[in-house]
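Chemist: Here it is, the structure, as C-alpha cells.
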Number of protein chains: 2
Amino acid sequence: MGSEDGGGGFTSASVEALLSPFARSLAPPTSLSPLPFDLNAGVPDRESLPAAALAEAARAALLEDPGGALTYGGAQGFEPLRAWIAERHATETGQPVTSAEVTITTGSAHAIDNIAATFVGPGDVVIVGAPSYPGAIRTFRARGARLVDVPQDDDGLRVDALKATLAALRTAGTPAKLLYVVSNYDNPSGSTLPEARRRALVDVARRHRVLVIEDDAYTGIDLDGPPLPSLSEIGGGEGVLRVGSFSKIVATGLRVGWIVGERPLIDRLVFMRFDNGSSPFVQRTLLHYLRSGAHEPHLVRLQSIYRERRDVSAAGLRECCEPYVTFRPPAGGFFHWLRLRPGLDAAAVTAAAARQGVAVTPGTGYFANGGGEDRVRLVYSALPPPALREAIARFGRALEEVAGVR
Amino acid sequence: MGSEDGGGGFTSASVEALLSPFARSLAPPTSLSPLPFDLNAGVPDRESLPAAALAEAARAALLEDPGGALTYGGAQGFEPLRAWIAERHATETGQPVTSAEVTITTGSAHAIDNIAATFVGPGDVVIVGAPSYPGAIRTFRARGARLVDVPQDDDGLRVDALKATLAALRTAGTPAKLLYVVSNYDNPSGSTLPEARRRALVDVARRHRVLVIEDDAYTGIDLDGPPLPSLSEIGGGEGVLRVGSFSKIVATGLRVGWIVGERPLIDRLVFMRFDNGSSPFVQRTLLHYLRSGAHEPHLVRLQSIYRERRDVSAAGLRECCEPYVTFRPPAGGFFHWLRLRPGLDAAAVTAAAARQGVAVTPGTGYFANGGGEDRVRLVYSALPPPALREAIARFGRALEEVAGVR
C-alpha cells in the first residue's frame with residue numbers, strides 16, 4: 001500500500017519526498033559491472049589475496065584475547081595497530097608521530113566521511129580536483145558542502161589554478177575550508193603530484209588556513225620506485241590529515257583505513273564516531289598478519305604483478321587504441337586515464353565497449369561540476385595479462401566502431 | 001605551530017573554528033569506565049563469547065572463497081546473510097520478506113547513521129523518547145535534525161503524548177519526519193512497549209506519515225519469554241525500518257547490523273552508502289557461524305546468563321538500595337533504569353558510586369532536551385553474579401552517603 005490509498009507504505013515517490021535535500025542531489029555511484037572483461041572496478045588482483053595468512057591471523061587474534069577481539073574496541077581504534085601505523089609513518093616521514101595522532105576507520109571511504117562529519121556543514125566550501133574520486137565528491141555533498149573544483153593536468157592538481165581559486169573564494173567572502181587531494185596515483189587520473197607542486201600546494205593551503213585531506217589510498221602500489229614526500233611530511237605534520245587504507249595493499253574486504261594528523265584534529269574525529277568504533281576483530285587480525293612476516297614479500301609481489309599489468313595494458317593501448325586515445329602511464333596504482341581524440345564521446349565509447357564485453361568508466365562520473373566527456377578511466381589491476389590484452393584489443397575495436405572506421 | 005604565529009598547524013582553538021556547526025553542538029559520548037566495577041558499559045558477558053566457533057567460521061569463510069571474502073562485497077551486503085536475516089524475520093513476523101528488503105550495516109549504530117544520512121536534513125524534526133539512546137540522539141543531531149522528545153513511563157513511549165506532539169508539530173507547520181523507538185528492552189529505560197501501545201503507535205505514525213525507526217538491538221536477549229510482535233509486523237511491513245544487530249547475541253566486536261524495510265526505502269539507504277559496503281570477510285564469517293549449529297544453544301545460554309544477572313541485580317537493588325531507588329526489572333536486555341528518591345541527584349550519586357569503585361551512568365546523558373537528574377542507568381550484563389552483588393552493595397553505600405545516612 002502506498003500513500004496514494006492512505007496506507008502506511010512508502011512508494012518510490014513518497015520515499016523521494018522523505019529524502020534529505022542533500023541525499024536528493026547526489027549522483028548514483030559508479031558500480032561494478034557484470035561484463036566479461038571488467039576494466040571498471042578498481043579492485044586488486046584476486047589470486048594474490050593473502051587468504052591463508054589472514055585465516056591464521058584471525059585464529060590467533062581470536063584465541064589470544066577473545067574478549068578484546070570480540071568486544072567494542074573504542075572509537076579511536078586498537079592502540080597497537082595505531083602504533084604500527086604511527087611507526088611506519090614516522091619511518092617514512094621522519095616525523096615523531098605517536099599512536100595518539102592516528103585513528104582507525106572502517107576503510108578510507110569511511111575516513112573521508114568521518115572528516116566530512118566533523119568539519120563540513122551546509123554551504124561550506126570544499127576544493128576537489130577536476131577530476132576527483134566520486135566517493136569523496138558524494139561524501140562531501142551528502143554533508144551539504146559546496147564543491148569547487150580545480151583543474152588537473154598530467155601532473156595532477158594545477159596549483160596555479162588552486163591559488164587563484166582560493167584567492168577568489170576569499171574575496172567572495174566564502175573561503176574554502178577543506179582541500180581534498182590524492183597526491184600519489186590519483187583515482188581516476190593516475191597522476192602523481194611532482195615535489196614542487198606538493199611544496200606549493202602545502203604553502204598556499206597554509207596561507208589560506210585550508211585543511212588538506214591527503215588521500216593516500218594507493219600508496220604502496222609504487223611501480224616506479226618509492227613515492228615522493230607526502231604532503232603531510234612537507235607540512236611538517238601540520239595542516240594535513242593523511243588518509244590511508246589497507247584495501248589495496250592487503251584486501252578491500254577487510255575495510256580498514258586510518259587517518260594521521262595533529263592531535264586536536266584526531267581528537268575531534270574520534271569525538272564524531274557514533275558507530276562504537278571499527279571492528280576490533282578485524283583490526284587485531286590485520287595486525288597479526290602485518291607482524292607475521294608475510295606482508296613485506298606480499299607487497300613486493302603485488303608491485304611486480306601490477307607493474308606487469310600496467311606495462312601490458314600500456315603496450316596494448318598503444319598498439320590497439322593509440323589513434324583514438326592518448327595517455328601517460330601512471331607511476332603506481334590501478335588506473336589509466338585516457339583522453340579521447342576530439343569527436344569521440346565517453347558515453348558512446350563506454351556503450352560500444354560494453355557491446356564488446358568490456359566495462360570501462362566514462363570520465364563524466366569524476367567531475368563535481370561537469371566535464372569528462374572526452375575521458376575514460378581504464379582499470380588494469382583486476383585482470384591477469386592475457387585477459388587484459390584481450391580486453392584492450394576489444395576496447396580498440398569499440399573505439400574504431402565509434403570513430404566510424406568499422 | 002598554531003595559527004597564532006602564522007604556522008600551518010591546528011590548535012584546539014583553531015580546530016573549534018573549523019568544526020561543522022552540527023559537530024559543535026554535540027554532547028560528548030558516554031564512555032567506558034576504568035573503575036573496578038563497571039555497571040556503565042552496555043556490553044555482553046566476556047566469558048561467553050563464542051571465540052573458538054568464530055575462529056573456525058573465519059577460517060572456513062576465507063578458504064571457501066578467498067576472493068569473495070576479501071574483495072568489496074557491495075553496498076547492500078552479502079546476499080546469503082541478507083537471506084538468513086530475511087528468513088528469520090519472515091518466520092517471526094509471517095511477512096514474506098526477501099533479501100532485497102534487507103541491508104547489512106557495520107553495526108546498528110551505523111544503521112542509524114545510514115538512515116539519518118538518507119532521510120534527515122538540517123531542521124528536519126525527529127521524534128525520540130525521553131529518555132533515548134544517546135548514540136541515536138548524537139547521530140540525528142549531527143545531520144542537523146531538530147529533536148523533539150516524547151516522555152516515557154515504565155511501559156515505554158507514551159503514545160498519548162506522541163499523538164499530541166505529532167498533532168502540534170503538524171499545526172506548527174513543522175511535521176515530524178522520523179520517529180526513533182526501541183520497543184523491546186529499551187536503552188536506557190529497559191522498558192518494553194505493551195502490544196496496545198505498539199498498535200496505537202503504528203497507527204498514529206501512519207496517519208502522520210512518519211517513518212518509524214524500530215531499533216531492535218536487544219531483541220534476542222529475551223528473559224521472560226519471546227518478544228511481542230514488532231512494530232514492523234504490526235505495520236504489515238509498511239512504514240517501519242526495523243534495525244537489528246548481532247552485537248548482543250553474538251559479539252559487539254564484529255560490528256554487523258542490519259535494516260529490514262520496504263524495498264524503496266532499502267534502495268535509498270543502499271544508495272547512500274559511500275563506504276564500499278561492510279566487510280564481506282566479517283559477514284561471511286558470521287554466516288558460517290550462524291549456520292554451524294553453535295548459535296541456537298549459545299543464545300539459550302546467553303538468555304540464562306543474563307536472566308540470572310538481572311535477577312541477582314534486582315535482588316541486590318531491593319536489598320541494598322531500595323529506600324533510595326525504585327525500578328521495574330526489565331523483561332530483557334541489559335539495563336536497570338533507576339528512579340532516585342526525591343532529593344537525590346544523579347550527578348552526586350554517580351560521583352559517590354565512583355568513589356566506591358563503581359561506574360554507573362547518570363540519567364542526564366539520555367535526554368535530547370534536558371532531564372534525567374533523578375535517574376541512573378545500571379548495566380547488569382557485564383559482570384558475573386559475585387562481582388555484581390559486590391558492585392550493588394557498594395552502590396548502596398554510595399546512595400547512603402549521598403542521602404546523608406553515612
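Residues are referred to by chain and number: the chain letter is A, B, ... according to the order shown in the C-alpha cells, the number counts from 1 in that chain, and ligands are numbered separately from 1 in the order shown.
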Would you write out, as a Markdown table, a table of all residues in range 96-151 of chain A that have an atom no more than 7 Å from an atom of range 236-252 of chain A, listing for each the closest atom pair and the distance in Å to one decimal, considering only C-alpha atoms and ordering rows by chain and rising residue number?
Modeler:
```
| residue | atom | partner | partner_atom | distance |
| --- | --- | --- | --- | --- |
| A:Gly107 | CA | A:Ser245 | CA | 6.1 |
| A:Ser108 | CA | A:Ser245 | CA | 5.4 |
| A:Ala111 | CA | A:Val243 | CA | 6.9 |
```
Chemist: Just N, CA, C and O atoms for this one: save the residues we selected as a PDB file, in the first residue's frame.
Modeler:
```pdb
ATOM      1  N   GLY A 107      37.740   1.412   6.640  1.00  0.00           N
ATOM      2  CA  GLY A 107      38.125   1.726   5.269  1.00  0.00           C
ATOM      3  C   GLY A 107      38.380   3.212   5.098  1.00  0.00           C
ATOM      4  O   GLY A 107      37.976   4.027   5.936  1.00  0.00           O
ATOM      5  N   SER A 108      39.070   3.591   4.003  1.00  0.00           N
ATOM      6  CA  SER A 108      39.394   5.008   3.830  1.00  0.00           C
ATOM      7  C   SER A 108      38.182   5.802   3.357  1.00  0.00           C
ATOM      8  O   SER A 108      38.099   7.012   3.608  1.00  0.00           O
ATOM      9  N   ALA A 111      36.851   6.974   6.373  1.00  0.00           N
ATOM     10  CA  ALA A 111      37.703   8.046   6.907  1.00  0.00           C
ATOM     11  C   ALA A 111      37.273   9.399   6.341  1.00  0.00           C
ATOM     12  O   ALA A 111      37.189  10.393   7.064  1.00  0.00           O
TER      13      ALA A 111
END
```
Chemist: Counting only C-alpha atoms, what is within 6 Å of range 220-228 of chain A, bar same-chain residues fewer than 4 positions away, as a ChimeraX atom specification?
Modeler: /A:303,307,331-333
Chemist: Using N, CA, C and O atoms, can you export the residues from the last selection as a compact mmCIF listing (two decimals), in the first residue's frame?
Modeler:
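Heads up, here's the output in again-v3.txt:
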```
# COMPACT_ATOMS: atom_id res chain seq x y z
N GLN A 303 53.53 -5.36 -6.16
CA GLN A 303 54.12 -4.33 -7.03
C GLN A 303 54.54 -4.95 -8.36
O GLN A 303 54.34 -4.35 -9.43
N ARG A 307 52.90 -3.88 -11.82
CA ARG A 307 53.83 -3.28 -12.78
C ARG A 307 53.67 -3.97 -14.14
O ARG A 307 53.57 -3.32 -15.18
N ALA A 331 52.64 6.17 -12.40
CA ALA A 331 53.80 5.64 -11.67
C ALA A 331 53.39 4.65 -10.59
O ALA A 331 54.24 4.10 -9.89
N GLY A 332 52.09 4.42 -10.45
CA GLY A 332 51.61 3.48 -9.43
C GLY A 332 50.10 3.40 -9.49
O GLY A 332 49.46 4.03 -10.34
N GLY A 333 49.53 2.60 -8.59
CA GLY A 333 48.08 2.49 -8.52
C GLY A 333 47.51 1.59 -9.59
O GLY A 333 48.18 0.68 -10.09
```
Chemist: Can you pull out the residues contacting range 353-363 of chain B? Cut-off 8 Å, using only C-alpha atoms, and skip same-chain residues under 6 positions away; I want them as a CSV table (one decimal) with all heavy atoms, in the first residue's frame.
Modeler:
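Resulting contents of around_36.csv:
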```
chain,number,residue,atom,x,y,z
B,30,THR,N,28.9,8.9,26.1
B,30,THR,CA,29.0,8.2,27.3
B,30,THR,C,30.1,7.2,27.1
B,30,THR,O,30.0,6.4,26.2
B,30,THR,CB,27.7,7.5,27.8
B,30,THR,OG1,27.3,6.8,26.7
B,30,THR,CG2,26.7,8.6,28.1
B,33,SER,N,34.3,3.0,31.4
B,33,SER,CA,34.9,3.5,32.7
B,33,SER,C,36.1,2.6,33.1
B,33,SER,O,36.0,1.4,32.9
B,33,SER,CB,33.9,3.5,33.7
B,33,SER,OG,34.5,3.6,35.0
B,35,LEU,N,36.9,2.1,36.2
B,35,LEU,CA,36.6,1.7,37.6
B,35,LEU,C,36.6,0.2,37.7
B,35,LEU,O,36.3,-0.5,36.8
B,35,LEU,CB,35.4,2.4,38.1
B,35,LEU,CG,35.4,3.9,38.1
B,35,LEU,CD1,34.0,4.5,38.4
B,35,LEU,CD2,36.4,4.4,39.1
B,36,PRO,N,36.8,-0.3,39.0
B,36,PRO,CA,36.9,-1.7,39.2
B,36,PRO,C,35.5,-2.4,38.9
B,36,PRO,O,35.5,-3.6,38.4
B,36,PRO,CB,37.2,-1.9,40.7
B,36,PRO,CG,37.8,-0.5,41.1
B,36,PRO,CD,37.3,0.5,40.2
B,37,PHE,N,34.4,-1.8,39.2
B,37,PHE,CA,33.1,-2.4,39.0
B,37,PHE,C,32.4,-1.6,37.9
B,37,PHE,O,31.9,-0.5,38.2
B,37,PHE,CB,32.3,-2.5,40.3
B,37,PHE,CG,32.9,-3.3,41.3
B,37,PHE,CD1,33.9,-2.8,42.3
B,37,PHE,CD2,32.7,-4.7,41.4
B,37,PHE,CE1,34.5,-3.7,43.2
B,37,PHE,CE2,33.3,-5.5,42.3
B,37,PHE,CZ,34.2,-5.0,43.2
B,38,ASP,N,32.3,-2.2,36.8
B,38,ASP,CA,31.7,-1.4,35.6
B,38,ASP,C,30.2,-1.8,35.4
B,38,ASP,O,29.9,-2.8,34.9
B,38,ASP,CB,32.5,-1.7,34.4
B,38,ASP,CG,32.2,-0.7,33.3
B,38,ASP,OD1,31.1,-0.1,33.4
B,38,ASP,OD2,32.9,-0.7,32.3
B,39,LEU,N,29.4,-0.9,35.9
B,39,LEU,CA,27.9,-1.0,35.6
B,39,LEU,C,27.5,0.1,34.6
B,39,LEU,O,26.4,0.5,34.7
B,39,LEU,CB,27.1,-0.9,36.9
B,39,LEU,CG,27.6,-1.9,38.1
B,39,LEU,CD1,26.7,-1.7,39.3
B,39,LEU,CD2,27.5,-3.3,37.6
B,40,ASN,N,28.4,0.5,33.8
B,40,ASN,CA,28.2,1.6,32.9
B,40,ASN,C,28.2,1.1,31.5
B,40,ASN,O,27.3,1.6,30.7
B,40,ASN,CB,29.4,2.6,33.1
B,40,ASN,CG,29.5,3.6,32.0
B,40,ASN,OD1,28.5,4.1,31.5
B,40,ASN,ND2,30.7,4.1,31.7
B,346,ALA,N,21.4,12.7,40.3
B,346,ALA,CA,22.1,11.7,39.6
B,346,ALA,C,23.6,11.9,39.5
B,346,ALA,O,24.5,11.0,39.6
B,346,ALA,CB,21.6,11.5,38.2
B,347,ALA,N,24.0,13.2,39.4
B,347,ALA,CA,25.4,13.5,39.3
B,347,ALA,C,26.1,13.2,40.6
B,347,ALA,O,27.2,12.6,40.6
B,347,ALA,CB,25.6,15.0,38.9
B,371,GLY,N,16.7,16.8,31.3
B,371,GLY,CA,16.0,15.9,32.1
B,371,GLY,C,16.9,14.8,32.6
B,371,GLY,O,18.1,14.8,32.3
B,372,GLY,N,16.4,13.9,33.5
B,372,GLY,CA,17.2,12.7,33.9
B,372,GLY,C,18.0,13.0,35.2
B,372,GLY,O,18.8,12.1,35.5
B,373,GLU,N,17.8,14.1,35.8
B,373,GLU,CA,18.6,14.4,37.0
B,373,GLU,C,18.2,13.4,38.2
B,373,GLU,O,19.0,13.2,39.1
B,373,GLU,CB,18.4,15.8,37.5
B,373,GLU,CG,19.0,16.9,36.6
B,373,GLU,CD,18.1,17.2,35.4
B,373,GLU,OE1,17.0,16.6,35.3
B,373,GLU,OE2,18.5,18.1,34.6
B,374,ASP,N,17.1,12.8,38.0
B,374,ASP,CA,16.6,11.8,39.1
B,374,ASP,C,16.7,10.4,38.6
B,374,ASP,O,16.1,9.5,39.1
B,374,ASP,CB,15.1,12.1,39.4
B,374,ASP,CG,14.2,12.0,38.2
B,374,ASP,OD1,14.7,12.0,37.1
B,374,ASP,OD2,13.0,11.8,38.4
B,375,ARG,N,17.6,10.2,37.6
B,375,ARG,CA,17.7,8.8,37.0
B,375,ARG,C,19.1,8.4,37.0
B,375,ARG,O,20.1,9.2,36.7
B,375,ARG,CB,17.1,8.8,35.6
B,375,ARG,CG,15.6,9.1,35.5
B,375,ARG,CD,14.9,7.8,36.0
B,375,ARG,NE,13.5,7.9,35.6
B,375,ARG,CZ,12.6,6.9,35.7
B,375,ARG,NH1,13.1,5.7,36.2
B,375,ARG,NH2,11.4,7.0,35.3
B,376,VAL,N,19.3,7.1,37.1
B,376,VAL,CA,20.7,6.4,36.9
B,376,VAL,C,20.4,5.1,36.1
B,376,VAL,O,19.5,4.4,36.4
B,376,VAL,CB,21.3,6.1,38.3
B,376,VAL,CG1,22.5,5.2,38.1
B,376,VAL,CG2,21.8,7.4,38.9
B,377,ARG,N,21.3,4.9,35.1
B,377,ARG,CA,21.2,3.6,34.4
B,377,ARG,C,22.3,2.7,35.0
B,377,ARG,O,23.4,3.1,35.2
B,377,ARG,CB,21.5,3.8,32.9
B,377,ARG,CG,21.2,2.6,32.1
B,377,ARG,CD,21.8,2.7,30.7
B,377,ARG,NE,23.2,2.5,30.6
B,377,ARG,CZ,23.9,2.2,29.5
B,377,ARG,NH1,23.3,2.2,28.3
B,377,ARG,NH2,25.2,2.1,29.5
B,378,LEU,N,21.9,1.5,35.2
B,378,LEU,CA,22.8,0.5,35.8
B,378,LEU,C,22.8,-0.8,34.9
B,378,LEU,O,21.7,-1.4,34.6
B,378,LEU,CB,22.3,0.2,37.2
B,378,LEU,CG,23.1,-0.7,38.1
B,378,LEU,CD1,22.9,-0.3,39.6
B,378,LEU,CD2,22.8,-2.2,37.9
B,379,VAL,N,23.9,-1.1,34.4
B,379,VAL,CA,24.1,-2.3,33.5
B,379,VAL,C,24.4,-3.5,34.3
B,379,VAL,O,25.3,-3.6,35.1
B,379,VAL,CB,25.3,-2.0,32.5
B,379,VAL,CG1,25.6,-3.3,31.7
B,379,VAL,CG2,25.0,-0.8,31.6
B,391,ALA,N,29.2,-5.0,43.6
B,391,ALA,CA,29.1,-3.7,43.0
B,391,ALA,C,27.8,-3.0,43.5
B,391,ALA,O,27.8,-1.8,43.8
B,391,ALA,CB,29.1,-3.8,41.5
B,394,ARG,N,28.2,-1.9,47.0
B,394,ARG,CA,28.9,-0.6,47.1
B,394,ARG,C,28.0,0.5,46.6
B,394,ARG,O,28.1,1.7,47.1
B,394,ARG,CB,30.1,-0.7,46.2
B,394,ARG,CG,31.2,-1.6,46.8
B,394,ARG,CD,32.3,-2.0,45.7
B,394,ARG,NE,33.4,-2.7,46.3
B,394,ARG,CZ,34.6,-2.2,46.4
B,394,ARG,NH1,34.9,-1.0,45.9
B,394,ARG,NH2,35.6,-3.0,46.9
B,395,PHE,N,27.3,0.3,45.6
B,395,PHE,CA,26.4,1.3,45.1
B,395,PHE,C,25.4,1.8,46.2
B,395,PHE,O,25.1,2.9,46.3
B,395,PHE,CB,25.6,0.8,43.8
B,395,PHE,CG,24.7,1.8,43.2
B,395,PHE,CD1,25.2,3.0,42.7
B,395,PHE,CD2,23.4,1.6,43.1
B,395,PHE,CE1,24.3,4.0,42.1
B,395,PHE,CE2,22.5,2.5,42.5
B,395,PHE,CZ,23.0,3.7,42.0
B,397,ARG,N,26.0,1.7,49.3
B,397,ARG,CA,26.7,2.6,50.3
B,397,ARG,C,26.9,4.0,49.7
B,397,ARG,O,26.8,5.0,50.4
B,397,ARG,CB,28.1,2.0,50.6
B,397,ARG,CG,28.0,0.7,51.4
B,397,ARG,CD,29.3,0.4,52.1
B,397,ARG,NE,30.3,-0.2,51.2
B,397,ARG,CZ,30.4,-1.5,50.8
B,397,ARG,NH1,29.5,-2.3,51.3
B,397,ARG,NH2,31.4,-1.9,50.0
B,398,ALA,N,27.1,4.1,48.4
B,398,ALA,CA,27.1,5.4,47.7
B,398,ALA,C,25.8,6.2,47.9
B,398,ALA,O,25.8,7.4,48.2
B,398,ALA,CB,27.5,5.3,46.2
B,399,LEU,N,24.7,5.5,47.7
B,399,LEU,CA,23.4,6.1,47.9
B,399,LEU,C,23.2,6.6,49.3
B,399,LEU,O,22.8,7.7,49.6
B,399,LEU,CB,22.3,5.1,47.5
B,399,LEU,CG,22.1,4.8,46.0
B,399,LEU,CD1,21.3,3.5,45.8
B,399,LEU,CD2,21.5,6.0,45.3
```
Chemist: Tell me, as number ranges by chain, which residues lie within 9 Å of range 138-149 of chain B, counting only C-alpha atoms; anything in the same chain fewer than 2 positions away does not count.
Modeler: A: 117-118, 121, 143, 272, 274; B: 20-23, 25-29, 109, 112-113, 116-117, 120-136, 151, 162, 165, 176, 367-369
Chemist: Separation of CA of Asp345 in chain A and CA of Phe271 in chain B, in Å?
Modeler: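 Atom-to-atom, CA of Asp345 in chain A to CA of Phe271 in chain B, that is 27.1 Å.
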Chemist: Apply DSSP to the backbone of this structure and, from range 164-337 of chain B, keep only the residues in strand (DSSP E or B); write these as a list in words.
Modeler: Ala176, Lys177, Leu178, Leu179, Tyr180, Val181, Leu211, Val212, Ile213, Glu214, Asp215, Asp222, Val240, Leu241, Arg242, Val243, Gly244, Ser245, Gly257, Trp258, Ile259, Val260, Val325, Thr326, Gly332, Phe335, His336 and Trp337 of chain B
Chemist: Which residues, written as a list in words, have at least one atom at most 10 Å from Ala53 in chain B, with only C-alpha atoms counted and residues fewer than 2 positions away on the same chain left out?
Modeler: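 Result of the neighbour search: Leu62 of chain A; Leu49, Pro50, Ala51, Ala55, Glu56, Ala57, Ala58, Thr285, Leu286, His288, Tyr289, Leu290, Ser292, Gly293, Ala294 and His295 of chain B.
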Chemist: Quick one: write out the picked residues with all heavy atoms as a short mmCIF file (atom, residue, chain, number, x, y, z; two decimals), in the first residue's frame?
Modeler:
```
data_model
loop_
_atom_site.label_atom_id
_atom_site.label_comp_id
_atom_site.auth_asym_id
_atom_site.auth_seq_id
_atom_site.Cartn_x
_atom_site.Cartn_y
_atom_site.Cartn_z
N LEU A 62 41.68 -14.18 17.68
CA LEU A 62 40.51 -14.60 18.47
C LEU A 62 40.92 -15.41 19.69
O LEU A 62 40.32 -15.27 20.76
CB LEU A 62 39.55 -15.42 17.60
CG LEU A 62 38.69 -14.59 16.66
CD1 LEU A 62 38.03 -15.47 15.61
CD2 LEU A 62 37.63 -13.82 17.45
N LEU B 49 31.66 -15.36 25.06
CA LEU B 49 31.84 -15.05 23.64
C LEU B 49 32.26 -16.31 22.87
O LEU B 49 33.17 -17.04 23.30
CB LEU B 49 32.91 -13.97 23.48
CG LEU B 49 32.48 -12.59 23.98
CD1 LEU B 49 33.69 -11.67 24.20
CD2 LEU B 49 31.50 -11.94 23.01
N PRO B 50 31.64 -16.58 21.72
CA PRO B 50 31.92 -17.83 21.00
C PRO B 50 33.18 -17.74 20.14
O PRO B 50 33.13 -17.88 18.92
CB PRO B 50 30.66 -18.01 20.15
CG PRO B 50 30.18 -16.62 19.89
CD PRO B 50 30.56 -15.79 21.09
N ALA B 51 34.33 -17.53 20.79
CA ALA B 51 35.57 -17.24 20.06
C ALA B 51 36.03 -18.42 19.21
O ALA B 51 36.43 -18.24 18.05
CB ALA B 51 36.67 -16.82 21.04
N ALA B 55 36.45 -18.44 15.21
CA ALA B 55 37.75 -18.68 14.57
C ALA B 55 37.60 -19.72 13.46
O ALA B 55 38.14 -19.57 12.36
CB ALA B 55 38.78 -19.13 15.61
N GLU B 56 36.85 -20.77 13.76
CA GLU B 56 36.61 -21.80 12.75
C GLU B 56 35.80 -21.23 11.59
O GLU B 56 36.08 -21.50 10.40
CB GLU B 56 35.86 -22.97 13.40
CG GLU B 56 35.49 -24.10 12.46
CD GLU B 56 36.64 -24.57 11.59
OE1 GLU B 56 37.80 -24.54 12.04
OE2 GLU B 56 36.37 -24.93 10.42
N ALA B 57 34.81 -20.39 11.90
CA ALA B 57 33.99 -19.77 10.86
C ALA B 57 34.83 -18.83 9.98
O ALA B 57 34.66 -18.79 8.75
CB ALA B 57 32.83 -19.00 11.50
N ALA B 58 35.75 -18.09 10.58
CA ALA B 58 36.61 -17.18 9.81
C ALA B 58 37.49 -17.97 8.85
O ALA B 58 37.66 -17.61 7.67
CB ALA B 58 37.47 -16.34 10.75
N THR B 285 32.09 -14.68 7.74
CA THR B 285 32.45 -15.36 9.00
C THR B 285 31.19 -15.54 9.85
O THR B 285 30.93 -16.63 10.38
CB THR B 285 33.50 -14.53 9.75
OG1 THR B 285 34.70 -14.49 8.99
CG2 THR B 285 33.79 -15.11 11.13
N LEU B 286 30.42 -14.47 9.97
CA LEU B 286 29.21 -14.52 10.79
C LEU B 286 28.23 -15.56 10.25
O LEU B 286 27.66 -16.35 11.02
CB LEU B 286 28.56 -13.14 10.83
CG LEU B 286 27.23 -13.05 11.56
CD1 LEU B 286 27.37 -13.43 13.03
CD2 LEU B 286 26.65 -11.63 11.44
N HIS B 288 28.84 -18.25 8.43
CA HIS B 288 29.35 -19.59 8.74
C HIS B 288 29.04 -19.95 10.19
O HIS B 288 28.63 -21.07 10.49
CB HIS B 288 30.85 -19.68 8.47
CG HIS B 288 31.19 -20.09 7.07
ND1 HIS B 288 31.22 -21.40 6.68
CD2 HIS B 288 31.48 -19.36 5.97
CE1 HIS B 288 31.53 -21.47 5.39
NE2 HIS B 288 31.70 -20.24 4.94
N TYR B 289 29.24 -19.00 11.08
CA TYR B 289 28.94 -19.24 12.50
C TYR B 289 27.45 -19.53 12.70
O TYR B 289 27.07 -20.49 13.37
CB TYR B 289 29.40 -18.05 13.34
CG TYR B 289 28.80 -18.07 14.72
CD1 TYR B 289 29.31 -18.92 15.70
CD2 TYR B 289 27.71 -17.26 15.04
CE1 TYR B 289 28.73 -18.97 16.96
CE2 TYR B 289 27.14 -17.31 16.29
CZ TYR B 289 27.65 -18.18 17.25
OH TYR B 289 27.08 -18.24 18.48
N LEU B 290 26.58 -18.70 12.10
CA LEU B 290 25.14 -18.86 12.30
C LEU B 290 24.64 -20.21 11.79
O LEU B 290 23.69 -20.79 12.32
CB LEU B 290 24.38 -17.73 11.59
CG LEU B 290 24.57 -16.33 12.16
CD1 LEU B 290 23.94 -15.28 11.24
CD2 LEU B 290 23.98 -16.20 13.57
N SER B 292 26.45 -22.93 11.74
CA SER B 292 27.27 -24.02 12.28
C SER B 292 26.52 -24.88 13.29
O SER B 292 27.02 -25.94 13.70
CB SER B 292 28.52 -23.44 12.96
OG SER B 292 28.13 -22.78 14.16
N GLY B 293 25.36 -24.40 13.74
CA GLY B 293 24.67 -25.10 14.81
C GLY B 293 25.05 -24.62 16.20
O GLY B 293 24.45 -25.01 17.20
N ALA B 294 26.07 -23.78 16.26
CA ALA B 294 26.52 -23.29 17.57
C ALA B 294 25.67 -22.14 18.09
O ALA B 294 25.64 -21.87 19.30
CB ALA B 294 27.99 -22.84 17.48
N HIS B 295 24.96 -21.47 17.17
CA HIS B 295 24.31 -20.22 17.59
C HIS B 295 23.10 -20.44 18.49
O HIS B 295 22.94 -19.74 19.50
CB HIS B 295 23.91 -19.40 16.35
CG HIS B 295 23.26 -18.10 16.71
ND1 HIS B 295 23.87 -17.16 17.51
CD2 HIS B 295 22.03 -17.59 16.40
CE1 HIS B 295 23.07 -16.12 17.66
NE2 HIS B 295 21.94 -16.35 17.02
#
```
Chemist: Nearest residue to chain A out of B:Val97, B:Val210, B:Ile392, B:Ile104, using only C-alpha atoms?
Modeler: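 Checking each candidate against chain A, we get B:Val210 as the closest.
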Chemist: Could you tell me how far CA of Val43 in chain A lies from CA of Phe334 in chain A, in Å and to one decimal?
Modeler: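 Atom-to-atom, CA of Val43 in chain A to CA of Phe334 in chain A, that is 8.1 Å.
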Chemist: Find the residues near His208 in chain A: any atom within 9 Å, counting only C-alpha atoms, skip ones fewer than 5 places away on the same chain, and give them as a PyMOL selection string.
Modeler: chain A and resi 166-167+170+175-177+203
Chemist: Would you list the contacts of Phe119 in chain A as a list in words, taking every protein, DNA or RNA residue within 7 Å and counting only C-alpha atoms, but skipping same-chain residues closer than 4 positions in sequence?
Modeler: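 With the cut-off at 7 Å, the set is Ile115 of chain A; Leu18, Leu19 and Ser20 of chain B.
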Chemist: Would you mind reading off the distance between CA of Val182 in chain B and CA of Asp216 in chain B, one decimal, in Å?
Modeler: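 Taking CA of Val182 in chain B as the start and CA of Asp216 in chain B as the end point, the length is 6.2 Å.
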